[in-house]
Amino acid sequence: MLQAVRRFRVADTTMRHRAQAEMQINETDLMAIRHLIACERRHTVASPKDLSEVLNISSAATAKLLARLSVSGHIRREVNPDDGRAQRLFATQSSHDELHRALDDAHDQMLQVALDLTVDQQAAVVHFLDAMSAIAITPREDDVHEAARGHEAPVEVAPGEGGAGLDAGA
């Protein structure tokens with residue numbers, strides 16, 4: 001079973017790299033665009049601060065990311081009408097189209113595989129993946145002890161690592 005999870009992670013990484021190559025962006029860019037599209041689907045508006053938190057990157061890195069994605073035409077920024085200093089972030093229609101071309105066929109097929117499972121099989125898979133994800137994001141005991149002694153220990157998970165490769169959302 002763990003070998004199947006590893007095979008899926010490799011396949012998922014391959015799918016994401018293919019999408020990145022088609023869109024001429026890096027992994028963090030792809031994650032940012034996917035987050036903006038997900039926000040739009042939920043009828044919420046993303047902000048730079050929100051994006052920093054989701055991607056687990058600094059505000060300076062977020063500023064560079066937003067500048068790069070704006071110049072490349074992947075996102076648009078608007079001034080928040082409620083607060084003239086804040087920004088609202090949106091994926092451009094071309095980003096929607098590119099992401100759709102790059103990932104939707106695979107996601108549709110994955111959804112069909114999930115729907116073909118019985119309710120009990122779906123529950124077992126969800127339980128298994130949730131348990132695996134919890135283990136993957138739990139800091140190592142050594143890291144917890146280092147942090148408790150006042151030392152900074154590397155407990156952050158880089159974008160696209162850890163359990164992030166197991167999601168199938170667009």
# chains A, B, ... in the order shown; residues from 1 in each chain; ligands from 1

call {"tool": "residues_around", "arguments": {"residues": "region 90-103 of chain A", "least_positions_apart": "2", "cutoff": "12 Å", "atoms": "only C-alpha atoms", "output": "MDAnalysis selection string"}}
result
chainID A and resid 12 14:25 29:41 43:48 51 66 69:80 87:88 105:110 168:170

call {"tool": "select_by_dssp", "arguments": {"residues": "region 4-131 of chain A", "states": "alpha helix (DSSP H)", "output": "ChimeraX atom specification"}}
result
/A:4-23,27-41,48-55,59-71,93-99,105-115,119-131

call {"tool": "write_last_selection", "arguments": {"atoms": "C-alpha atoms", "output": "JSON list (two decimals), in the first residue's frame"}}
result
[["chain", "number", "residue", "atom", "x", "y", "z"],
["A", 4, "ALA", "CA", 1.13, 2.63, -4.19],
["A", 5, "VAL", "CA", 1.19, 5.94, -2.29],
["A", 6, "ARG", "CA", 4.78, 6.51, -3.45],
["A", 7, "ARG", "CA", 3.82, 5.72, -7.05],
["A", 8, "PHE", "CA", 0.93, 8.19, -6.79],
["A", 9, "ARG", "CA", 3.20, 10.90, -5.36],
["A", 10, "VAL", "CA", 5.66, 10.42, -8.22],
["A", 11, "ALA", "CA", 2.81, 10.49, -10.76],
["A", 12, "ASP", "CA", 1.29, 13.58, -9.12],
["A", 13, "THR", "CA", 4.67, 15.34, -9.19],
["A", 14, "THR", "CA", 5.06, 14.42, -12.86],
["A", 15, "MET", "CA", 1.60, 15.83, -13.60],
["A", 16, "ARG", "CA", 2.42, 19.09, -11.78],
["A", 17, "HIS", "CA", 5.79, 19.43, -13.52],
["A", 18, "ARG", "CA", 4.07, 18.94, -16.87],
["A", 19, "ALA", "CA", 1.56, 21.69, -15.98],
["A", 20, "GLN", "CA", 4.41, 23.97, -14.85],
["A", 21, "ALA", "CA", 6.27, 23.41, -18.12],
["A", 22, "GLU", "CA", 3.15, 24.07, -20.19],
["A", 23, "MET", "CA", 2.42, 27.27, -18.26],
["A", 27, "GLU", "CA", 5.88, 25.09, -8.44],
["A", 28, "THR", "CA", 5.14, 28.01, -6.11],
["A", 29, "ASP", "CA", 3.60, 29.95, -9.01],
["A", 30, "LEU", "CA", 1.36, 26.98, -9.79],
["A", 31, "MET", "CA", 0.30, 26.66, -6.16],
["A", 32, "ALA", "CA", -0.48, 30.39, -6.03],
["A", 33, "ILE", "CA", -2.59, 30.29, -9.19],
["A", 34, "ARG", "CA", -4.44, 27.20, -7.99],
["A", 35, "HIS", "CA", -5.14, 28.93, -4.67],
["A", 36, "LEU", "CA", -6.49, 32.04, -6.40],
["A", 37, "ILE", "CA", -8.76, 29.92, -8.59],
["A", 38, "ALA", "CA", -9.96, 27.96, -5.56],
["A", 39, "CYS", "CA", -10.77, 31.26, -3.79],
["A", 40, "GLU", "CA", -12.74, 32.42, -6.81],
["A", 41, "ARG", "CA", -14.71, 29.16, -6.82],
["A", 48, "PRO", "CA", -1.14, 38.94, -0.53],
["A", 49, "LYS", "CA", -1.19, 38.14, 3.21],
["A", 50, "ASP", "CA", -3.52, 35.20, 2.60],
["A", 51, "LEU", "CA", -1.26, 33.92, -0.15],
["A", 52, "SER", "CA", 1.82, 34.24, 2.10],
["A", 53, "GLU", "CA", 0.12, 32.13, 4.73],
["A", 54, "VAL", "CA", -1.13, 29.47, 2.31],
["A", 55, "LEU", "CA", 2.25, 29.13, 0.58],
["A", 59, "SER", "CA", 5.90, 38.80, 2.56],
["A", 60, "ALA", "CA", 9.03, 39.69, 0.55],
["A", 61, "ALA", "CA", 8.85, 36.38, -1.34],
["A", 62, "THR", "CA", 5.14, 36.98, -1.90],
["A", 63, "ALA", "CA", 5.85, 40.43, -3.35],
["A", 64, "LYS", "CA", 8.34, 38.91, -5.82],
["A", 65, "LEU", "CA", 5.89, 36.14, -6.67],
["A", 66, "LEU", "CA", 3.07, 38.62, -7.34],
["A", 67, "ALA", "CA", 5.30, 40.84, -9.46],
["A", 68, "ARG", "CA", 6.44, 37.83, -11.53],
["A", 69, "LEU", "CA", 2.89, 36.50, -12.00],
["A", 70, "SER", "CA", 1.56, 39.97, -12.87],
["A", 71, "VAL", "CA", 4.24, 40.56, -15.51],
["A", 93, "GLN", "CA", -8.78, 34.14, -17.64],
["A", 94, "SER", "CA", -5.71, 32.91, -19.52],
["A", 95, "SER", "CA", -4.46, 31.26, -16.30],
["A", 96, "HIS", "CA", -7.84, 29.61, -15.85],
["A", 97, "ASP", "CA", -7.66, 28.36, -19.44],
["A", 98, "GLU", "CA", -4.03, 27.17, -19.19],
["A", 99, "LEU", "CA", -4.64, 25.36, -15.91],
["A", 105, "ASP", "CA", -8.51, 15.95, -17.94],
["A", 106, "ALA", "CA", -6.42, 14.21, -15.30],
["A", 107, "HIS", "CA", -8.56, 15.60, -12.47],
["A", 108, "ASP", "CA", -11.75, 14.48, -14.21],
["A", 109, "GLN", "CA", -10.32, 10.98, -14.55],
["A", 110, "MET", "CA", -9.22, 10.98, -10.88],
["A", 111, "LEU", "CA", -12.68, 12.08, -9.82],
["A", 112, "GLN", "CA", -14.21, 9.22, -11.79],
["A", 113, "VAL", "CA", -11.87, 6.73, -10.09],
["A", 114, "ALA", "CA", -12.97, 8.11, -6.71],
["A", 115, "LEU", "CA", -16.65, 7.96, -7.67],
["A", 119, "VAL", "CA", -18.92, 4.51, 0.13],
["A", 120, "ASP", "CA", -17.04, 2.13, 2.45],
["A", 121, "GLN", "CA", -14.00, 2.09, 0.16],
["A", 122, "GLN", "CA", -14.03, 5.90, -0.03],
["A", 123, "ALA", "CA", -14.20, 6.12, 3.78],
["A", 124, "ALA", "CA", -11.26, 3.71, 4.14],
["A", 125, "VAL", "CA", -9.15, 5.66, 1.63],
["A", 126, "VAL", "CA", -9.98, 9.00, 3.29],
["A", 127, "HIS", "CA", -9.12, 7.58, 6.72],
["A", 128, "PHE", "CA", -5.82, 6.18, 5.43],
["A", 129, "LEU", "CA", -4.78, 9.38, 3.62],
["A", 130, "ASP", "CA", -5.79, 11.62, 6.53],
["A", 131, "ALA", "CA", -3.74, 9.48, 8.91]]
